[in-house]
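Trainee: This is the structure I want to talk about, given as structure tokens.
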Amino acid sequence: MGRRTRRLGPAAALAAMLALPAALAAQQSGGPPAPAAETELVFEREVFQYPSFPRMNPFVPLDAGAGGPRFEQLSLIGVVYAGPGGRSVAVLSTGGVTVNQDGTISPRAGEAFYMRAGERLGNVTIVKSARTWS
């Protein structure tokens, strides 16, 4: 039987030439690499301190009085202006009106809230308007 020879393609020949220097360097090094020194793991805990003055801490539960409707659930019905003494009242409601397909309007039941400047309801705080009325 005759002996067959097989030729390598150009890519295989290039890969063999590139691997040859690495194989020679491994043989000359003299043996397996020495074990690395054992490293000490250090675990540090991050401590966060949330500023309390400009905004509320999201990790502290809300007090019992902070419950109530959210801003998007409220409608401003009107403002009863009481002059420059600061006794004006904002009338807010969780109700509203529904416009039917035939164009008629029907009321939607809800609670009414009468609030003065500085009072808080849920995530809503009533502020005094900077506008002066004449």
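Ligands are numbered from 1 in the order shown, residues from 1 within each chain, and chains are lettered A, B, ... in the order they appear in the structure tokens.
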List as a PyMOL selection string the protein and nucleic acid residues near Gly78 of chain A, meaning an atom at most 8 Å away when only C-alpha atoms are counted, but skip any in the same chain fewer than 3 places from it.
Mentor: chain A and resi 90-92
Trainee: What separation in Å, quoted to one decimal, exists between atom CA of Arg108 of chain A and atom CA of Ile126 of chain A?
Mentor: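 Atom CA of Arg108 of chain A sits 23.7 Å away from atom CA of Ile126 of chain A.
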Trainee: Any idea what the distance is between atom CA of Pro69 of chain A and atom CA of Val89 of chain A?
Mentor: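 Value for the atom CA of Pro69 of chain A-atom CA of Val89 of chain A distance: 18.2 Å.
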Trainee: Go through A:Val97, A:Glu119, A:Lys128, A:Phe48 and flag the residue nearest Pro84 of chain A, using only C-alpha atoms for the distances.
Mentor: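 Of A:Val97, A:Glu119, A:Lys128, A:Phe48, the one nearest Pro84 of chain A is A:Lys128, counting only C-alpha atoms.
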Trainee: What is the distance, in Å and to one decimal place, between atom CA of Gly96 of chain A and atom CA of Gly118 of chain A?
Mentor: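 Between atom CA of Gly96 of chain A and atom CA of Gly118 of chain A the gap works out to 24.4 Å.
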